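Note: the block below is work_39.txt and it holds compact mmCIF, C-alpha atoms.
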# COMPACT_ATOMS: atom_id res chain seq x y z
CA MET A 1 0.00 0.00 0.00
CA SER A 2 2.93 2.35 0.43
CA LEU A 3 3.40 2.77 -3.32
CA VAL A 4 -0.25 3.85 -3.58
CA PHE A 5 0.36 6.34 -0.81
CA TYR A 6 3.46 7.82 -2.46
CA ILE A 7 1.83 8.20 -5.87
CA SER A 8 -1.40 9.71 -4.57
CA SER A 9 0.31 12.10 -2.18
CA PHE A 10 2.58 13.25 -5.01
CA ILE A 11 -0.50 13.94 -7.13
CA ALA A 12 -2.11 15.76 -4.21
CA ILE A 13 0.89 18.02 -3.67
CA LEU A 14 1.28 18.72 -7.38
CA SER A 15 -2.37 19.63 -7.88
CA THR A 16 -2.35 21.76 -4.73
CA VAL A 17 0.57 23.73 -6.16
CA MET A 18 -1.49 24.17 -9.32
CA VAL A 19 -4.46 25.39 -7.23
CA ILE A 20 -2.55 28.19 -5.56
CA THR A 21 -0.88 29.36 -8.76
CA ARG A 22 -3.82 29.51 -11.19
CA TYR A 23 -5.22 32.79 -12.43
CA GLN A 24 -8.71 31.60 -13.36
CA PRO A 25 -10.82 30.59 -10.34
CA ILE A 26 -12.55 27.76 -12.20
CA HIS A 27 -9.21 26.16 -13.17
CA ALA A 28 -8.13 26.32 -9.54
CA LEU A 29 -11.38 24.64 -8.51
CA LEU A 30 -10.89 21.80 -10.98
CA TYR A 31 -7.36 21.22 -9.70
CA LEU A 32 -8.80 21.29 -6.18
CA VAL A 33 -11.10 18.41 -7.12
CA VAL A 34 -8.05 16.44 -8.28
CA SER A 35 -6.28 17.24 -5.04
CA PHE A 36 -9.22 16.09 -2.93
CA LEU A 37 -9.59 12.85 -4.90
CA ALA A 38 -5.88 12.15 -4.51
CA LEU A 39 -6.21 12.73 -0.78
CA ALA A 40 -9.11 10.28 -0.74
CA VAL A 41 -6.84 7.64 -2.25
CA THR A 42 -4.27 8.56 0.39
CA PHE A 43 -6.83 7.94 3.13
CA LEU A 44 -7.69 4.61 1.55
CA SER A 45 -4.04 3.58 1.53
CA LEU A 46 -3.75 4.57 5.20
CA GLY A 47 -6.56 2.16 6.07
CA ALA A 48 -9.39 4.64 6.50
CA PRO A 49 -12.07 3.76 3.93
CA PHE A 50 -14.81 5.72 5.68
CA ALA A 51 -12.78 8.92 5.63
CA ALA A 52 -11.96 8.31 1.96
CA ALA A 53 -15.63 7.94 1.06
CA LEU A 54 -16.52 11.08 3.00
CA GLN A 55 -13.69 12.96 1.31
CA VAL A 56 -15.11 12.11 -2.11
CA ILE A 57 -18.74 12.70 -1.20
CA VAL A 58 -18.53 15.81 0.96
CA TYR A 59 -15.37 17.62 -0.14
CA ALA A 60 -15.22 16.80 -3.84
CA GLY A 61 -18.96 16.42 -4.20
CA ALA A 62 -20.53 19.13 -2.08
CA ILE A 63 -18.06 21.81 -1.05
CA VAL A 64 -16.37 22.19 -4.42
CA VAL A 65 -19.77 22.24 -6.14
CA LEU A 66 -20.77 25.06 -3.79
CA PHE A 67 -17.64 26.96 -4.82
CA ILE A 68 -18.38 26.34 -8.49
CA PHE A 69 -21.93 27.65 -8.06
CA VAL A 70 -20.62 30.83 -6.46
CA VAL A 71 -17.96 31.33 -9.14
CA MET A 72 -20.65 30.91 -11.79
CA MET A 73 -22.92 33.39 -10.02
CA LEU A 74 -20.14 35.96 -9.70
CA ASN A 75 -19.49 35.65 -13.44
CA LEU A 76 -15.72 36.01 -13.19
CA GLY A 77 -14.24 36.19 -16.65
CA LYS A 78 -11.02 37.12 -18.38
CA GLN A 79 -10.91 40.41 -16.50
CA THR A 80 -10.45 38.60 -13.19
CA ALA A 81 -7.67 36.45 -14.62
CA GLN A 82 -5.91 39.56 -15.89
CA GLN A 83 -6.25 41.18 -12.46
CA GLU A 84 -4.91 38.04 -10.78
CA LYS A 85 -1.93 38.10 -13.11
CA GLU A 86 -1.21 41.67 -12.07
CA TRP A 87 -1.57 40.86 -8.38
CA LEU A 88 0.58 37.74 -8.44
CA GLN A 89 3.93 39.39 -9.07
CA LEU A 90 7.21 37.85 -7.98
CA ARG A 91 7.81 40.31 -5.16
CA ALA A 92 4.31 39.70 -3.86
CA TRP A 93 4.64 35.96 -3.33
CA LEU A 94 8.38 35.45 -2.82
CA GLY A 95 8.59 36.67 0.78
CA PRO A 96 5.68 34.72 2.31
CA SER A 97 6.59 31.59 0.34
CA ILE A 98 10.19 31.63 1.57
CA LEU A 99 9.08 32.18 5.16
CA SER A 100 6.56 29.34 5.06
CA LEU A 101 9.15 27.10 3.38
CA VAL A 102 11.50 27.79 6.28
CA LEU A 103 8.73 26.76 8.66
CA LEU A 104 8.18 23.58 6.62
CA ALA A 105 11.90 22.77 6.78
CA GLU A 106 11.84 23.20 10.56
CA MET A 107 8.83 20.90 10.79
CA ALA A 108 10.53 18.28 8.63
CA VAL A 109 13.68 18.40 10.73
CA LEU A 110 11.65 18.01 13.92
CA LEU A 111 9.72 15.07 12.46
CA LEU A 112 12.79 13.30 11.14
CA GLN A 113 14.63 13.51 14.47
CA ASP A 114 12.49 10.80 16.01
CA VAL A 115 12.98 7.11 15.57
CA PRO A 116 10.78 6.17 12.58
CA THR A 117 7.73 4.14 13.43
CA GLU A 118 6.03 2.00 10.84
CA MET A 119 2.42 2.52 9.91
CA PRO A 120 0.50 -0.70 10.61
CA ALA A 121 -1.43 -2.03 7.62
CA VAL A 122 -4.67 -2.33 9.55
CA VAL A 123 -8.00 -1.04 8.31
CA VAL A 124 -10.09 0.95 10.79
CA THR A 125 -13.55 -0.10 9.67
CA PRO A 126 -16.61 2.15 9.41
CA LYS A 127 -18.23 0.03 12.12
CA GLN A 128 -15.53 0.96 14.61
CA VAL A 129 -15.81 4.61 13.60
CA SER A 130 -19.57 4.72 13.99
CA LEU A 131 -19.49 2.88 17.33
CA SER A 132 -17.01 5.44 18.60
CA LEU A 133 -18.92 8.34 17.04
CA TYR A 134 -22.25 7.46 18.60
CA GLY A 135 -20.74 6.17 21.82
CA GLU A 136 -18.12 8.32 23.47
CA TYR A 137 -18.39 11.24 21.04
CA ILE A 138 -22.18 11.62 21.08
CA ILE A 139 -22.07 15.05 22.75
CA ALA A 140 -19.70 16.30 20.04
CA VAL A 141 -22.07 14.98 17.36
CA GLU A 142 -24.90 16.99 18.89
CA LEU A 143 -22.72 20.10 19.03
CA ILE A 144 -21.80 19.59 15.38
CA GLY A 145 -25.52 19.50 14.67
CA PHE A 146 -25.85 22.90 16.34
CA LEU A 147 -22.93 24.19 14.28
CA LEU A 148 -24.43 23.02 10.99
CA MET A 149 -27.78 24.57 11.91
CA THR A 150 -26.03 27.85 12.71
CA GLY A 151 -24.22 27.66 9.39
CA ILE A 152 -27.44 27.18 7.45
CA VAL A 153 -29.25 30.01 9.23
CA GLY A 154 -26.23 32.31 8.95
CA ALA A 155 -25.79 31.64 5.26
CA ALA A 156 -29.49 32.20 4.60
CA HIS A 157 -29.40 35.46 6.56
CA ILE A 158 -26.17 36.86 5.11
CA GLY A 159 -26.90 35.80 1.57
CA LYS A 160 -30.22 37.59 1.52
CA HIS A 161 -30.26 40.76 -0.57
CA LYS A 162 -31.57 43.45 1.69
CA LYS A 163 -33.94 46.03 0.31
CA LYS A 164 -32.68 49.54 0.88
CA SER A 165 -34.92 51.21 3.46
CA LEU A 166 -34.93 54.99 3.76
CA HIS A 167 -36.12 57.16 6.58
CA ARG A 168 -39.74 58.16 6.14
CA PHE A 169 -38.77 61.83 5.56
CA LEU A 170 -36.49 60.78 2.70
CA GLN A 171 -39.04 58.57 1.05
CA THR A 172 -40.78 59.87 -2.03
CA TYR A 173 -44.42 59.11 -2.45
CA PRO A 174 -45.37 58.97 -6.10
CA ASN A 175 -49.05 59.22 -5.34
CA LEU A 176 -48.76 62.56 -3.51
CA ASN A 177 -47.62 64.73 -6.37
CA MET B 1 7.87 -2.89 -1.38
CA SER B 2 9.15 -0.45 1.21
CA THR B 3 7.20 0.13 4.38
CA LEU B 4 5.45 3.37 5.12
CA HIS B 5 6.67 5.39 8.08
CA ALA B 6 4.52 7.66 10.20
CA HIS B 7 6.67 10.72 9.70
CA THR B 8 6.35 10.43 5.91
CA VAL B 9 2.59 10.89 6.20
CA LEU B 10 3.03 13.77 8.61
CA ILE B 11 5.51 15.46 6.27
CA VAL B 12 3.01 15.16 3.41
CA ALA B 13 0.37 16.75 5.64
CA ALA B 14 2.82 19.52 6.57
CA ILE B 15 3.64 20.19 2.91
CA LEU B 16 -0.05 20.49 2.07
CA PHE B 17 -0.62 22.77 5.05
CA VAL B 18 2.28 25.02 4.07
CA LEU B 19 1.00 25.21 0.49
CA GLY B 20 -2.37 26.34 1.80
CA LEU B 21 -0.69 28.84 4.11
CA ALA B 22 1.32 30.27 1.23
CA GLY B 23 -1.90 30.56 -0.76
CA VAL B 24 -3.60 32.51 2.01
CA LEU B 25 -0.59 34.79 2.42
CA THR B 26 0.04 35.57 -1.24
CA ARG B 27 -3.40 35.76 -2.81
CA LYS B 28 -5.57 38.87 -2.77
CA ASN B 29 -8.71 37.41 -4.31
CA ILE B 30 -11.00 36.24 -1.53
CA ILE B 31 -12.10 33.10 -3.40
CA PHE B 32 -8.51 31.89 -3.66
CA MET B 33 -8.00 32.59 0.03
CA LEU B 34 -11.03 30.44 0.84
CA LEU B 35 -9.67 27.65 -1.36
CA SER B 36 -6.37 27.81 0.47
CA ILE B 37 -8.15 27.59 3.81
CA GLU B 38 -9.86 24.45 2.52
CA ILE B 39 -6.47 23.00 1.64
CA MET B 40 -5.15 23.75 5.13
CA LEU B 41 -8.16 22.12 6.82
CA ASN B 42 -7.77 19.11 4.58
CA ALA B 43 -4.12 18.78 5.53
CA ALA B 44 -5.10 18.86 9.20
CA GLY B 45 -7.61 16.10 8.45
CA LEU B 46 -4.87 14.04 6.83
CA ALA B 47 -2.76 14.36 9.96
CA PHE B 48 -5.71 13.23 12.10
CA VAL B 49 -6.44 10.23 9.89
CA ALA B 50 -2.75 9.29 9.87
CA ALA B 51 -2.62 9.44 13.66
CA GLY B 52 -5.76 7.33 13.95
CA SER B 53 -4.30 4.79 11.55
CA ARG B 54 -0.98 4.77 13.39
CA TRP B 55 -2.61 3.86 16.72
CA GLN B 56 -5.35 1.74 15.04
CA GLN B 57 -8.04 3.75 16.77
CA PRO B 58 -11.19 5.21 15.18
CA ASP B 59 -10.71 8.56 16.95
CA GLY B 60 -8.69 10.03 14.10
CA GLN B 61 -11.48 9.45 11.60
CA VAL B 62 -14.02 10.83 14.10
CA MET B 63 -11.99 14.03 14.36
CA TYR B 64 -11.75 14.13 10.58
CA LEU B 65 -15.53 13.94 10.44
CA PHE B 66 -15.83 16.90 12.80
CA ILE B 67 -13.40 18.90 10.66
CA LEU B 68 -15.54 18.03 7.65
CA ALA B 69 -18.75 19.29 9.27
CA MET B 70 -17.02 22.44 10.49
CA THR B 71 -15.69 23.07 6.98
CA ALA B 72 -19.15 22.67 5.47
CA ALA B 73 -20.62 25.24 7.87
CA GLU B 74 -17.69 27.61 7.33
CA VAL B 75 -17.86 27.37 3.55
CA SER B 76 -21.59 28.05 3.41
CA VAL B 77 -21.27 31.20 5.55
CA ALA B 78 -18.11 32.37 3.78
CA LEU B 79 -19.60 31.99 0.31
CA ALA B 80 -22.68 33.93 1.36
CA LEU B 81 -20.30 36.65 2.57
CA VAL B 82 -18.46 36.55 -0.77
CA LEU B 83 -21.71 37.05 -2.65
CA GLN B 84 -22.59 39.96 -0.38
CA ILE B 85 -19.14 41.54 -0.80
CA GLN B 86 -19.35 41.29 -4.57
CA HIS B 87 -22.83 42.80 -4.46
CA GLN B 88 -21.85 45.76 -2.29
CA HIS B 89 -18.27 46.55 -3.27
CA LYS B 90 -18.19 45.18 -6.85
CA THR B 91 -14.79 43.63 -6.16
CA LEU B 92 -13.24 40.56 -4.53
CA ASP B 93 -10.02 42.31 -3.48
CA VAL B 94 -9.56 41.90 0.26
CA GLU B 95 -7.69 45.19 0.51
CA GLU B 96 -10.83 47.02 -0.55
CA LEU B 97 -12.64 45.65 2.48
CA LYS B 98 -10.78 47.54 5.18
CA GLU B 99 -13.67 49.89 5.98
CA LEU B 100 -16.16 48.74 8.56
CA LYS B 101 -18.85 51.23 7.59
CA ASP B 102 -21.50 50.10 5.18
Would you mind giving the structure from this file in C-alpha cells?
Amino acid sequence: MSLVFYISSFIAILSTVMVITRYQPIHALLYLVVSFLALAVTFLSLGAPFAAALQVIVYAGAIVVLFIFVVMMLNLGKQTAQQEKEWLQLRAWLGPSILSLVLLAEMAVLLLQDVPTEMPAVVVTPKQVSLSLYGEYIIAVELIGFLLMTGIVGAAHIGKHKKKSLHRFLQTYPNLN
Amino acid sequence: MSTLHAHTVLIVAAILFVLGLAGVLTRKNIIFMLLSIEIMLNAAGLAFVAAGSRWQQPDGQVMYLFILAMTAAEVSVALALVLQIQHQHKTLDVEELKELKD
C-alpha cells in the first residue's frame, strides 16, 4: 500500500501547487477536485475507507460544487484572470513563500529527528468509527448538529439581498404629487 | 515494497498545510484565500487520519468527520459573505474591504 500512498500524495501536492498558482478561479477549482480525490486515495491507503468515502462525497462532491456555483454566479471572466496576473507578481509571493518554506523545513527536521515508526497495515472499519462516534463522542455529534444549523441560518441570513430602506422623511411618495 | 513510516505521512500533511498557508498569504482574491483555507483544513484532516491509523483507533477518523462538518458550515457562511461583498463593493479584493462602515 505504500506505493499507492506515495503516488497519490505526489499527485495531491502537485495539484495543490497548481491550485494556488492559477489565475482563473474555475481552473483552480478543478485542480482542487483532483487534489481532494488524490487525498481520498491517500486515506484509503492509510486504512481509513470511511474517511476516503466522505472525502469524495462531501469535499469533492458538495463543497467544491458550492464553490463552483458561487464562481458561476459571480461571473468572473477574463478580467479577473488579468487582475490576478497583475496581483501575483514575484515580489508579492516570494517573501511569504520563503518564510513558510523555512517553517516547513523546521517541521521536517523536527519530524525526522524521532525514531521512525512504521504505519501498521490495519484497516479501521466504518463500524468501529460509527461505534465510537455514537458512543463516546455523542455530545460532540450533537454540538456539530448545532454548528451546521447555525451555518445554514447564517448563510441564509447573510446571503439575503436586503432592500434599501430609507427614513420616512427621505421617502418619495409617487401618489402625492 | 518499502514500508510506510509515520513521519512520511506527517511530512506530506505539513507540505499540504504550508502550500495552503502560502496561498492565504500571497493571494488577494477572496475566493482563492477560501480555497487555500480548505487546503489547510484538509491537511489537518490528513494528519488526524494518519494518527488514527498509526494507533489503530477510530478517533482520528471521528476528528476528521468533525473537521468536515465544520468546513461545510464555514464554507456556506463564507460563500454567502463573498456574494454579499461582490454585491456591495463590486470587487473581490480583500484590501478594498478595510472599511467597517457600510
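As for CA of Phe36 (chain A) and CA of Ala60 (chain A), they are spaced 6.1 Å apart.
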**Request:** Using all atoms listed in the file, pick whichever of B:Ile11, B:Ala50, B:Ala72, B:Leu81 has the shortest atom-to-atom distance to Ala48 (chain A).
**Result:** B:Ala50
**Asked** Can you tell me how far CA of Leu46 (chain B) sits from CA of Val82 (chain B), in Å to one decimal?
**Response**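 Computed distance, CA of Leu46 (chain B) to CA of Val82 (chain B), equals 27.4 Å.
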**Prompt:** When distances are computed from all atoms listed in the file, which of B:Met33, B:Ala73, B:Ala80, B:Leu41 shows the smallest separation from His157 (chain A)?
**Reply:**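 Selected residue with least distance to His157 (chain A): B:Ala80.
Between CA of Gln89 (chain A) and CA of Val34 (chain A) the separation is 25.9 Å.
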**Request:** Using only C-alpha atoms, give me every residue within 10 Å of (-2.8, 6.4, 13.7) in file coordinates, as a ChimeraX atom specification.
**Result:** /A:46-48,119-120,122,124 /B:6,47-61
Each residue of chain A lying at most 7 Å from chain B should get a row with its shortest atom-to-atom pair and the distance in Å to one decimal, counting all atoms listed in the file; could you produce that, ordered by chain and increasing number, as JSON lines?
{"residue": "A:Ser2", "atom": "CA", "partner": "B:Leu4", "partner_atom": "CA", "distance": 5.4}
{"residue": "A:Ser9", "atom": "CA", "partner": "B:Val12", "partner_atom": "CA", "distance": 6.9}
{"residue": "A:Ile13", "atom": "CA", "partner": "B:Leu16", "partner_atom": "CA", "distance": 6.3}
{"residue": "A:Val17", "atom": "CA", "partner": "B:Leu19", "partner_atom": "CA", "distance": 6.8}
{"residue": "A:Ile20", "atom": "CA", "partner": "B:Gly23", "partner_atom": "CA", "distance": 5.4}
{"residue": "A:Leu46", "atom": "CA", "partner": "B:Ser53", "partner_atom": "CA", "distance": 6.4}
{"residue": "A:Gly47", "atom": "CA", "partner": "B:Ser53", "partner_atom": "CA", "distance": 6.5}
{"residue": "A:Ala51", "atom": "CA", "partner": "B:Gln61", "partner_atom": "CA", "distance": 6.1}
{"residue": "A:Ile63", "atom": "CA", "partner": "B:Ala72", "partner_atom": "CA", "distance": 6.7}
{"residue": "A:Val70", "atom": "CA", "partner": "B:Leu79", "partner_atom": "CA", "distance": 6.9}
{"residue": "A:Ala92", "atom": "CA", "partner": "B:Thr26", "partner_atom": "CA", "distance": 6.5}
{"residue": "A:Trp93", "atom": "CA", "partner": "B:Thr26", "partner_atom": "CA", "distance": 5.1}
{"residue": "A:Pro96", "atom": "CA", "partner": "B:Leu25", "partner_atom": "CA", "distance": 6.3}
{"residue": "A:Ser97", "atom": "CA", "partner": "B:Ala22", "partner_atom": "CA", "distance": 5.5}
{"residue": "A:Ser100", "atom": "CA", "partner": "B:Val18", "partner_atom": "CA", "distance": 6.2}
{"residue": "A:Leu104", "atom": "CA", "partner": "B:Val18", "partner_atom": "CA", "distance": 6.6}
{"residue": "A:Ala108", "atom": "CA", "partner": "B:Ile11", "partner_atom": "CA", "distance": 6.2}
{"residue": "A:Leu111", "atom": "CA", "partner": "B:His7", "partner_atom": "CA", "distance": 6.0}
{"residue": "A:Leu112", "atom": "CA", "partner": "B:His7", "partner_atom": "CA", "distance": 6.8}
{"residue": "A:Pro116", "atom": "CA", "partner": "B:His5", "partner_atom": "CA", "distance": 6.1}
{"residue": "A:Thr117", "atom": "CA", "partner": "B:His5", "partner_atom": "CA", "distance": 5.6}
{"residue": "A:Glu118", "atom": "CA", "partner": "B:His5", "partner_atom": "CA", "distance": 4.4}
{"residue": "A:Met119", "atom": "CA", "partner": "B:Arg54", "partner_atom": "CA", "distance": 5.4}
{"residue": "A:Pro120", "atom": "CA", "partner": "B:Arg54", "partner_atom": "CA", "distance": 6.3}
{"residue": "A:Val122", "atom": "CA", "partner": "B:Gln56", "partner_atom": "CA", "distance": 6.9}
{"residue": "A:Val124", "atom": "CA", "partner": "B:Pro58", "partner_atom": "CA", "distance": 6.2}
{"residue": "A:Gln128", "atom": "CA", "partner": "B:Pro58", "partner_atom": "CA", "distance": 6.1}
{"residue": "A:Val129", "atom": "CA", "partner": "B:Pro58", "partner_atom": "CA", "distance": 4.9}
{"residue": "A:Ser132", "atom": "CA", "partner": "B:Pro58", "partner_atom": "CA", "distance": 6.8}
{"residue": "A:Leu133", "atom": "CA", "partner": "B:Val62", "partner_atom": "CA", "distance": 6.2}
{"residue": "A:Ile144", "atom": "CA", "partner": "B:Ala69", "partner_atom": "CA", "distance": 6.8}
{"residue": "A:Leu147", "atom": "CA", "partner": "B:Ala73", "partner_atom": "CA", "distance": 6.9}
{"residue": "A:Leu148", "atom": "CA", "partner": "B:Ala73", "partner_atom": "CA", "distance": 5.4}
{"residue": "A:Gly151", "atom": "CA", "partner": "B:Ala73", "partner_atom": "CA", "distance": 4.6}
{"residue": "A:Gly154", "atom": "CA", "partner": "B:Val77", "partner_atom": "CA", "distance": 6.1}
{"residue": "A:Ala155", "atom": "CA", "partner": "B:Val77", "partner_atom": "CA", "distance": 4.6}
{"residue": "A:Ile158", "atom": "CA", "partner": "B:Ala80", "partner_atom": "CA", "distance": 5.9}
{"residue": "A:Gly159", "atom": "CA", "partner": "B:Ala80", "partner_atom": "CA", "distance": 4.6}
Need the axis-aligned box for region 28-47 of chain B with 8 Å each side, so what are the centre and edges in Å to one decimal, as AutoDock Vina command-line options?
--center_x -7.4 --center_y 26.5 --center_z 2.8 --size_x 25.3 --size_y 40.8 --size_z 30.3
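Closest approach to Phe67 (chain A) from the set A:Ala140, A:Val41, A:Thr80, A:His27 is made by A:His27, with distances taken over all atoms listed in the file.
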**Message:** Using all atoms listed in the file, can you tell me which of A:Val71, A:Leu29, A:Leu90, A:Ala121 comes closest to Tyr59 (chain A)?
**Reply:**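 Closest residue, counting all atoms listed in the file: A:Leu29.
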